[in-house]
>>> print(open('structure_28.pdb').read())   # PDB, C-alpha atoms, pLDDT in the B column
ATOM      1  CA  MET A   1      55.333 241.997 124.516  1.00 55.00           C
ATOM      2  CA  SER A   2      55.574 239.034 122.138  1.00 68.00           C
ATOM      3  CA  LYS A   3      52.549 236.952 121.409  1.00 85.00           C
ATOM      4  CA  ILE A   4      52.415 233.419 122.803  1.00 90.00           C
ATOM      5  CA  SER A   5      52.706 230.727 120.140  1.00 93.00           C
ATOM      6  CA  ARG A   6      49.730 228.512 119.357  1.00 94.00           C
ATOM      7  CA  LYS A   7      51.637 225.437 120.604  1.00 94.00           C
ATOM      8  CA  GLN A   8      52.448 227.185 123.898  1.00 94.00           C
ATOM      9  CA  LEU A   9      48.826 228.217 124.280  1.00 94.00           C
ATOM     10  CA  ALA A  10      47.696 224.649 123.600  1.00 94.00           C
ATOM     11  CA  LYS A  11      49.998 223.386 126.369  1.00 93.00           C
ATOM     12  CA  VAL A  12      48.651 225.937 128.853  1.00 92.00           C
ATOM     13  CA  ILE A  13      45.061 224.990 128.004  1.00 93.00           C
ATOM     14  CA  ALA A  14      45.770 221.231 128.139  1.00 90.00           C
ATOM     15  CA  ASP A  15      47.408 221.659 131.540  1.00 89.00           C
ATOM     16  CA  GLN A  16      44.352 223.498 132.884  1.00 89.00           C
ATOM     17  CA  MET A  17      41.794 221.019 131.585  1.00 85.00           C
ATOM     18  CA  GLY A  18      41.741 218.988 134.774  1.00 76.00           C
ATOM     19  CA  GLU A  19      41.770 222.030 137.043  1.00 83.00           C
ATOM     20  CA  LYS A  20      38.882 224.101 135.664  1.00 82.00           C
ATOM     21  CA  SER A  21      35.395 223.334 134.484  1.00 83.00           C
ATOM     22  CA  SER A  22      35.008 222.937 130.724  1.00 79.00           C
ATOM     23  CA  LYS A  23      32.662 225.898 130.599  1.00 86.00           C
ATOM     24  CA  GLN A  24      35.007 228.208 132.503  1.00 90.00           C
ATOM     25  CA  LEU A  25      38.019 227.173 130.424  1.00 88.00           C
ATOM     26  CA  ALA A  26      36.079 227.559 127.152  1.00 90.00           C
ATOM     27  CA  GLU A  27      34.989 231.053 128.164  1.00 93.00           C
ATOM     28  CA  GLU A  28      38.552 232.048 129.083  1.00 93.00           C
ATOM     29  CA  VAL A  29      39.969 230.686 125.816  1.00 93.00           C
ATOM     30  CA  ALA A  30      37.233 232.398 123.769  1.00 94.00           C
ATOM     31  CA  HIS A  31      37.870 235.679 125.599  1.00 95.00           C
ATOM     32  CA  TYR A  32      41.618 235.420 124.979  1.00 94.00           C
ATOM     33  CA  LEU A  33      41.246 234.576 121.282  1.00 94.00           C
ATOM     34  CA  LEU A  34      38.785 237.428 120.743  1.00 95.00           C
ATOM     35  CA  LYS A  35      40.890 239.926 122.677  1.00 95.00           C
ATOM     36  CA  GLU A  36      44.061 238.988 120.813  1.00 94.00           C
ATOM     37  CA  LYS A  37      42.229 238.809 117.456  1.00 94.00           C
ATOM     38  CA  ARG A  38      43.278 235.184 117.011  1.00 94.00           C
ATOM     39  CA  THR A  39      39.940 233.486 116.419  1.00 94.00           C
ATOM     40  CA  ALA A  40      41.330 231.912 113.237  1.00 95.00           C
ATOM     41  CA  ASP A  41      43.619 229.891 115.516  1.00 94.00           C
ATOM     42  CA  LEU A  42      40.714 228.030 117.152  1.00 93.00           C
ATOM     43  CA  ALA A  43      40.561 224.920 114.919  1.00 91.00           C
ATOM     44  CA  PRO A  44      44.356 224.386 114.772  1.00 93.00           C
ATOM     45  CA  LEU A  45      44.553 225.104 118.497  1.00 93.00           C
ATOM     46  CA  MET A  46      42.022 222.354 119.208  1.00 90.00           C
ATOM     47  CA  ARG A  47      44.046 219.919 117.080  1.00 88.00           C
ATOM     48  CA  ASP A  48      47.188 220.875 119.023  1.00 92.00           C
ATOM     49  CA  ILE A  49      45.389 220.228 122.318  1.00 91.00           C
ATOM     50  CA  GLU A  50      44.143 216.844 121.070  1.00 85.00           C
ATOM     51  CA  ALA A  51      47.696 215.923 120.043  1.00 86.00           C
ATOM     52  CA  LEU A  52      49.081 216.897 123.459  1.00 89.00           C
ATOM     53  CA  ARG A  53      46.413 214.892 125.252  1.00 87.00           C
ATOM     54  CA  ALA A  54      47.077 211.921 122.961  1.00 84.00           C
ATOM     55  CA  GLN A  55      50.746 212.046 123.988  1.00 86.00           C
ATOM     56  CA  GLN A  56      49.488 211.663 127.565  1.00 86.00           C
ATOM     57  CA  GLY A  57      47.549 208.516 126.618  1.00 88.00           C
ATOM     58  CA  LEU A  58      44.170 210.234 126.427  1.00 88.00           C
ATOM     59  CA  VAL A  59      42.026 210.276 123.320  1.00 86.00           C
ATOM     60  CA  GLU A  60      38.743 212.065 122.774  1.00 85.00           C
ATOM     61  CA  ALA A  61      36.196 210.452 120.518  1.00 88.00           C
ATOM     62  CA  ASN A  62      33.164 212.338 119.235  1.00 91.00           C
ATOM     63  CA  VAL A  63      29.944 210.576 118.408  1.00 94.00           C
ATOM     64  CA  ALA A  64      26.848 212.099 116.863  1.00 94.00           C
ATOM     65  CA  SER A  65      23.662 210.101 117.065  1.00 94.00           C
ATOM     66  CA  ALA A  66      19.952 210.524 116.571  1.00 89.00           C
ATOM     67  CA  HIS A  67      19.139 208.859 119.884  1.00 89.00           C
ATOM     68  CA  GLU A  68      20.623 208.365 123.330  1.00 90.00           C
ATOM     69  CA  LEU A  69      23.296 205.655 123.336  1.00 91.00           C
ATOM     70  CA  GLY A  70      23.244 202.834 125.852  1.00 93.00           C
ATOM     71  CA  GLN A  71      26.302 202.012 127.933  1.00 94.00           C
ATOM     72  CA  ASP A  72      27.019 198.854 125.928  1.00 94.00           C
ATOM     73  CA  ILE A  73      27.125 200.874 122.679  1.00 92.00           C
ATOM     74  CA  GLN A  74      29.287 203.535 124.347  1.00 92.00           C
ATOM     75  CA  ALA A  75      31.766 200.880 125.499  1.00 92.00           C
ATOM     76  CA  LEU A  76      31.858 199.369 122.002  1.00 92.00           C
ATOM     77  CA  LEU A  77      32.503 202.783 120.444  1.00 90.00           C
ATOM     78  CA  MET A  78      35.319 203.493 122.908  1.00 89.00           C
ATOM     79  CA  ARG A  79      36.982 200.200 121.952  1.00 88.00           C
ATOM     80  CA  LEU A  80      36.462 200.917 118.254  1.00 87.00           C
ATOM     81  CA  ALA A  81      37.985 204.390 118.617  1.00 84.00           C
ATOM     82  CA  THR A  82      41.245 202.981 119.991  1.00 85.00           C
ATOM     83  CA  GLN A  83      41.244 199.563 118.329  1.00 83.00           C
ATOM     84  CA  ASP A  84      44.644 199.967 116.637  1.00 79.00           C
ATOM     85  CA  TYR A  85      46.153 202.227 119.299  1.00 81.00           C
ATOM     86  CA  PRO A  86      47.141 200.293 122.458  1.00 82.00           C
ATOM     87  CA  GLU A  87      49.093 203.316 123.744  1.00 84.00           C
ATOM     88  CA  TYR A  88      45.836 205.108 124.573  1.00 84.00           C
ATOM     89  CA  GLU A  89      44.935 204.308 128.148  1.00 84.00           C
ATOM     90  CA  ARG A  90      41.883 206.532 128.546  1.00 87.00           C
ATOM     91  CA  VAL A  91      39.036 207.479 126.226  1.00 88.00           C
ATOM     92  CA  ILE A  92      36.611 210.333 126.633  1.00 88.00           C
ATOM     93  CA  LEU A  93      33.472 209.855 124.565  1.00 90.00           C
ATOM     94  CA  ASN A  94      31.779 213.156 123.724  1.00 90.00           C
ATOM     95  CA  GLN A  95      28.187 212.538 122.691  1.00 92.00           C
ATOM     96  CA  GLU A  96      26.185 214.937 120.569  1.00 92.00           C
ATOM     97  CA  HIS A  97      22.531 214.631 119.680  1.00 91.00           C
ATOM     98  CA  ASP A  98      22.124 215.333 115.968  1.00 91.00           C
ATOM     99  CA  SER A  99      18.496 215.748 114.959  1.00 88.00           C
ATOM    100  CA  ALA A 100      19.536 215.673 111.281  1.00 89.00           C
ATOM    101  CA  LEU A 101      20.353 211.972 111.682  1.00 90.00           C
ATOM    102  CA  VAL A 102      17.356 209.731 111.098  1.00 87.00           C
ATOM    103  CA  GLY A 103      19.157 206.830 112.709  1.00 91.00           C
ATOM    104  CA  GLY A 104      22.596 205.405 113.261  1.00 91.00           C
ATOM    105  CA  LEU A 105      25.650 207.378 114.305  1.00 93.00           C
ATOM    106  CA  ARG A 106      28.916 208.987 113.233  1.00 94.00           C
ATOM    107  CA  LEU A 107      32.134 208.430 115.205  1.00 92.00           C
ATOM    108  CA  THR A 108      35.295 210.521 114.887  1.00 89.00           C
ATOM    109  CA  ALA A 109      38.451 209.720 116.831  1.00 85.00           C
ATOM    110  CA  ILE A 110      42.172 210.110 116.204  1.00 76.00           C
ATOM    111  CA  ASP A 111      42.474 209.515 112.446  1.00 78.00           C
ATOM    112  CA  ARG A 112      39.335 207.412 112.220  1.00 81.00           C
ATOM    113  CA  GLN A 113      35.883 208.333 110.991  1.00 89.00           C
ATOM    114  CA  VAL A 114      33.080 205.802 110.989  1.00 89.00           C
ATOM    115  CA  ASP A 115      29.758 206.791 109.452  1.00 93.00           C
ATOM    116  CA  LEU A 116      27.024 204.345 110.379  1.00 90.00           C
ATOM    117  CA  SER A 117      24.187 206.751 109.706  1.00 92.00           C
ATOM    118  CA  VAL A 118      21.099 205.624 107.808  1.00 91.00           C
ATOM    119  CA  LYS A 119      21.757 208.352 105.224  1.00 91.00           C
ATOM    120  CA  ASN A 120      25.259 207.028 104.532  1.00 90.00           C
ATOM    121  CA  ARG A 121      24.026 203.442 104.306  1.00 90.00           C
ATOM    122  CA  LEU A 122      21.384 204.477 101.766  1.00 91.00           C
ATOM    123  CA  ARG A 123      23.972 206.474  99.794  1.00 91.00           C
ATOM    124  CA  ARG A 124      26.254 203.410  99.599  1.00 91.00           C
ATOM    125  CA  LEU A 125      23.334 201.205  98.554  1.00 91.00           C
ATOM    126  CA  VAL A 126      22.402 203.591  95.712  1.00 93.00           C
ATOM    127  CA  LYS A 127      26.029 203.811  94.593  1.00 91.00           C
ATOM    128  CA  ALA A 128      26.372 200.003  94.630  1.00 90.00           C
ATOM    129  CA  ARG A 129      23.211 199.664  92.495  1.00 90.00           C
ATOM    130  CA  GLU A 130      24.516 202.252  90.041  1.00 90.00           C
ATOM    131  CA  ASN A 131      27.795 200.317  89.672  1.00 88.00           C
ATOM    132  CA  ASN A 132      25.980 197.046  88.888  1.00 77.00           C
TER     133      ASN A 132
END
>>> encode(input="structure_28.pdb", output="structure tokens")
Amino acid sequence: MSKISRKQLAKVIADQMGEKSSKQLAEEVAHYLLKEKRTADLAPLMRDIEALRAQQGLVEANVASAHELGQDIQALLMRLATQDYPEYERVILNQEHDSALVGGLRLTAIDRQVDLSVKNRLRRLVKARENN
């Protein structure tokens, strides 16, 4: 039996995303990748799934923050994530608490990364002082 291509697998997973719980689907994908000895495919597989979902007008944005984000900040981040992409009709904002962040946040979406963390602001300040 021939092995299913990564792109085919991504399509199957993307199609099941609305039908199964995230936890159940993640467990099934992990089981499959381990069983087939394809764990190295995980990162490219996730990019393939993101690309398929983007073609459907759905974008996932990931935000890491030190503190819980209010709804107004969440709405602003969702707009920022798709600012130059009117073809995206829906945005899913995945929030992650990152205790390594003193303050601020980091946003990753599509081809955009915005680092508004305190650490990054301090790094830029030091670099600007060194250049002057």
>>> resolve_selection(input="structure_28.pdb", expression="the PyMOL selection byres ((chain A and resi 90) around 10)", output="list in words")
Ala54, Gln56, Gly57, Leu58, Val59, Glu60, Met78, Thr82, Glu87, Tyr88, Glu89, Val91, Ile92 and Leu93 of chain A
>>> resolve_selection(input="structure_28.pdb", expression="the PyMOL selection byres ((chain A and resi 95) around 10)", output="MDAnalysis selection string")
chainID A and resid 61:65 68:69 74 92:94 96:98 107
>>> atom_distance(input="structure_28.pdb", atom1="CA of Gln71 (chain A)", atom2="CA of Ala14 (chain A)")
27.4 Å
>>> closest_residue(input="structure_28.pdb", among="A:Val114, A:Val126, A:Ala109, A:Ala100", to="Tyr85 (chain A)", atoms="only C-alpha atoms")
A:Ala109
>>> atom_distance(input="structure_28.pdb", atom1="CA of Ser117 (chain A)", atom2="CA of Glu50 (chain A)")
25.1 Å
>>> atom_distance(input="structure_28.pdb", atom1="CA of Ala30 (chain A)", atom2="CA of Ala10 (chain A)")
13.0 Å
>>> residues_around(input="structure_28.pdb", residues="Val118 (chain A)", least_positions_apart="3", cutoff="9 Å", atoms="only C-alpha atoms", output="ChimeraX atom specification")
/A:101-105,115,121-123
>>> closest_residue(input="structure_28.pdb", among="A:Leu52, A:Leu25, A:Ala43, A:Ile110", to="Ala81 (chain A)", atoms="all atoms listed in the file")
A:Ile110
>>> resolve_selection(input="structure_28.pdb", expression="the PyMOL selection byres ((chain A and resi 5) around 12)", output="compact mmCIF listing (two decimals) with C-alpha atoms, in the coordinates of the input")
# COMPACT_ATOMS: atom_id res chain seq x y z
CA SER A 2 55.57 239.03 122.14
CA LYS A 3 52.55 236.95 121.41
CA ILE A 4 52.42 233.42 122.80
CA ARG A 6 49.73 228.51 119.36
CA LYS A 7 51.64 225.44 120.60
CA GLN A 8 52.45 227.18 123.90
CA LEU A 9 48.83 228.22 124.28
CA ALA A 10 47.70 224.65 123.60
CA LYS A 11 50.00 223.39 126.37
CA VAL A 12 48.65 225.94 128.85
CA GLU A 36 44.06 238.99 120.81
CA ARG A 38 43.28 235.18 117.01
CA ASP A 41 43.62 229.89 115.52
CA PRO A 44 44.36 224.39 114.77
CA LEU A 45 44.55 225.10 118.50
CA ASP A 48 47.19 220.88 119.02
>>> build_atoms(input="structure_28.pdb", residues="region 35-67 of chain A", atoms="N, CA and C atoms", output="PDB file, keeping the file's coordinate frame")
ATOM      1  N   LYS A  35      40.107 238.762 122.261  1.00 95.00           N
ATOM      2  CA  LYS A  35      40.890 239.926 122.677  1.00 95.00           C
ATOM      3  C   LYS A  35      42.160 240.081 121.845  1.00 95.00           C
ATOM      4  N   GLU A  36      42.804 238.968 121.561  1.00 94.00           N
ATOM      5  CA  GLU A  36      44.061 238.988 120.813  1.00 94.00           C
ATOM      6  C   GLU A  36      43.848 238.917 119.294  1.00 94.00           C
ATOM      7  N   LYS A  37      42.576 238.899 118.887  1.00 94.00           N
ATOM      8  CA  LYS A  37      42.229 238.809 117.456  1.00 94.00           C
ATOM      9  C   LYS A  37      42.860 237.575 116.799  1.00 94.00           C
ATOM     10  N   ARG A  38      42.694 236.441 117.490  1.00 94.00           N
ATOM     11  CA  ARG A  38      43.278 235.184 117.011  1.00 94.00           C
ATOM     12  C   ARG A  38      42.213 234.099 116.845  1.00 94.00           C
ATOM     13  N   THR A  39      41.011 234.487 116.536  1.00 94.00           N
ATOM     14  CA  THR A  39      39.940 233.486 116.419  1.00 94.00           C
ATOM     15  C   THR A  39      40.205 232.474 115.304  1.00 94.00           C
ATOM     16  N   ALA A  40      40.985 232.851 114.316  1.00 95.00           N
ATOM     17  CA  ALA A  40      41.330 231.912 113.237  1.00 95.00           C
ATOM     18  C   ALA A  40      42.188 230.761 113.748  1.00 95.00           C
ATOM     19  N   ASP A  41      42.780 230.932 114.921  1.00 94.00           N
ATOM     20  CA  ASP A  41      43.619 229.891 115.516  1.00 94.00           C
ATOM     21  C   ASP A  41      42.812 228.796 116.211  1.00 94.00           C
ATOM     22  N   LEU A  42      41.504 228.965 116.345  1.00 93.00           N
ATOM     23  CA  LEU A  42      40.714 228.030 117.152  1.00 93.00           C
ATOM     24  C   LEU A  42      40.806 226.581 116.674  1.00 93.00           C
ATOM     25  N   ALA A  43      40.531 226.310 115.407  1.00 91.00           N
ATOM     26  CA  ALA A  43      40.561 224.920 114.919  1.00 91.00           C
ATOM     27  C   ALA A  43      41.954 224.303 115.050  1.00 91.00           C
ATOM     28  N   PRO A  44      43.032 224.982 114.589  1.00 93.00           N
ATOM     29  CA  PRO A  44      44.356 224.386 114.772  1.00 93.00           C
ATOM     30  C   PRO A  44      44.743 224.253 116.246  1.00 93.00           C
ATOM     31  N   LEU A  45      44.278 225.175 117.064  1.00 93.00           N
ATOM     32  CA  LEU A  45      44.553 225.104 118.497  1.00 93.00           C
ATOM     33  C   LEU A  45      43.918 223.850 119.098  1.00 93.00           C
ATOM     34  N   MET A  46      42.700 223.552 118.705  1.00 90.00           N
ATOM     35  CA  MET A  46      42.022 222.354 119.208  1.00 90.00           C
ATOM     36  C   MET A  46      42.758 221.085 118.767  1.00 90.00           C
ATOM     37  N   ARG A  47      43.267 221.078 117.536  1.00 88.00           N
ATOM     38  CA  ARG A  47      44.046 219.919 117.080  1.00 88.00           C
ATOM     39  C   ARG A  47      45.338 219.782 117.884  1.00 88.00           C
ATOM     40  N   ASP A  48      45.972 220.913 118.204  1.00 92.00           N
ATOM     41  CA  ASP A  48      47.188 220.875 119.023  1.00 92.00           C
ATOM     42  C   ASP A  48      46.893 220.314 120.412  1.00 92.00           C
ATOM     43  N   ILE A  49      45.774 220.723 120.988  1.00 91.00           N
ATOM     44  CA  ILE A  49      45.389 220.228 122.318  1.00 91.00           C
ATOM     45  C   ILE A  49      45.120 218.731 122.258  1.00 91.00           C
ATOM     46  N   GLU A  50      44.405 218.279 121.229  1.00 85.00           N
ATOM     47  CA  GLU A  50      44.143 216.844 121.070  1.00 85.00           C
ATOM     48  C   GLU A  50      45.444 216.064 120.953  1.00 85.00           C
ATOM     49  N   ALA A  51      46.404 216.597 120.214  1.00 86.00           N
ATOM     50  CA  ALA A  51      47.696 215.923 120.043  1.00 86.00           C
ATOM     51  C   ALA A  51      48.440 215.839 121.373  1.00 86.00           C
ATOM     52  N   LEU A  52      48.418 216.907 122.149  1.00 89.00           N
ATOM     53  CA  LEU A  52      49.081 216.897 123.459  1.00 89.00           C
ATOM     54  C   LEU A  52      48.432 215.873 124.390  1.00 89.00           C
ATOM     55  N   ARG A  53      47.119 215.846 124.383  1.00 87.00           N
ATOM     56  CA  ARG A  53      46.413 214.892 125.252  1.00 87.00           C
ATOM     57  C   ARG A  53      46.666 213.455 124.794  1.00 87.00           C
ATOM     58  N   ALA A  54      46.783 213.254 123.486  1.00 84.00           N
ATOM     59  CA  ALA A  54      47.077 211.921 122.961  1.00 84.00           C
ATOM     60  C   ALA A  54      48.454 211.462 123.431  1.00 84.00           C
ATOM     61  N   GLN A  55      49.410 212.383 123.486  1.00 86.00           N
ATOM     62  CA  GLN A  55      50.746 212.046 123.988  1.00 86.00           C
ATOM     63  C   GLN A  55      50.691 211.602 125.443  1.00 86.00           C
ATOM     64  N   GLN A  56      49.675 212.042 126.163  1.00 86.00           N
ATOM     65  CA  GLN A  56      49.488 211.663 127.565  1.00 86.00           C
ATOM     66  C   GLN A  56      48.645 210.396 127.704  1.00 86.00           C
ATOM     67  N   GLY A  57      48.323 209.758 126.573  1.00 88.00           N
ATOM     68  CA  GLY A  57      47.549 208.516 126.618  1.00 88.00           C
ATOM     69  C   GLY A  57      46.049 208.719 126.670  1.00 88.00           C
ATOM     70  N   LEU A  58      45.592 209.923 126.376  1.00 88.00           N
ATOM     71  CA  LEU A  58      44.170 210.234 126.427  1.00 88.00           C
ATOM     72  C   LEU A  58      43.677 210.595 125.036  1.00 88.00           C
ATOM     73  N   VAL A  59      42.607 209.962 124.627  1.00 86.00           N
ATOM     74  CA  VAL A  59      42.026 210.276 123.320  1.00 86.00           C
ATOM     75  C   VAL A  59      40.569 210.675 123.526  1.00 86.00           C
ATOM     76  N   GLU A  60      40.143 211.660 122.750  1.00 85.00           N
ATOM     77  CA  GLU A  60      38.743 212.065 122.774  1.00 85.00           C
ATOM     78  C   GLU A  60      38.083 211.585 121.491  1.00 85.00           C
ATOM     79  N   ALA A  61      36.976 210.917 121.653  1.00 88.00           N
ATOM     80  CA  ALA A  61      36.196 210.452 120.518  1.00 88.00           C
ATOM     81  C   ALA A  61      34.875 211.212 120.526  1.00 88.00           C
ATOM     82  N   ASN A  62      34.428 211.618 119.357  1.00 91.00           N
ATOM     83  CA  ASN A  62      33.164 212.338 119.235  1.00 91.00           C
ATOM     84  C   ASN A  62      32.173 211.466 118.492  1.00 91.00           C
ATOM     85  N   VAL A  63      30.985 211.369 119.054  1.00 94.00           N
ATOM     86  CA  VAL A  63      29.944 210.576 118.408  1.00 94.00           C
ATOM     87  C   VAL A  63      28.680 211.415 118.300  1.00 94.00           C
ATOM     88  N   ALA A  64      28.123 211.426 117.103  1.00 94.00           N
ATOM     89  CA  ALA A  64      26.848 212.099 116.863  1.00 94.00           C
ATOM     90  C   ALA A  64      25.821 211.012 116.591  1.00 94.00           C
ATOM     91  N   SER A  65      24.692 211.111 117.259  1.00 94.00           N
ATOM     92  CA  SER A  65      23.662 210.101 117.065  1.00 94.00           C
ATOM     93  C   SER A  65      22.280 210.739 117.139  1.00 94.00           C
ATOM     94  N   ALA A  66      21.326 210.040 116.570  1.00 89.00           N
ATOM     95  CA  ALA A  66      19.952 210.524 116.571  1.00 89.00           C
ATOM     96  C   ALA A  66      19.287 210.275 117.917  1.00 89.00           C
ATOM     97  N   HIS A  67      19.775 209.273 118.633  1.00 89.00           N
ATOM     98  CA  HIS A  67      19.139 208.859 119.884  1.00 89.00           C
ATOM     99  C   HIS A  67      20.192 208.671 120.968  1.00 89.00           C
TER     100      HIS A  67
END
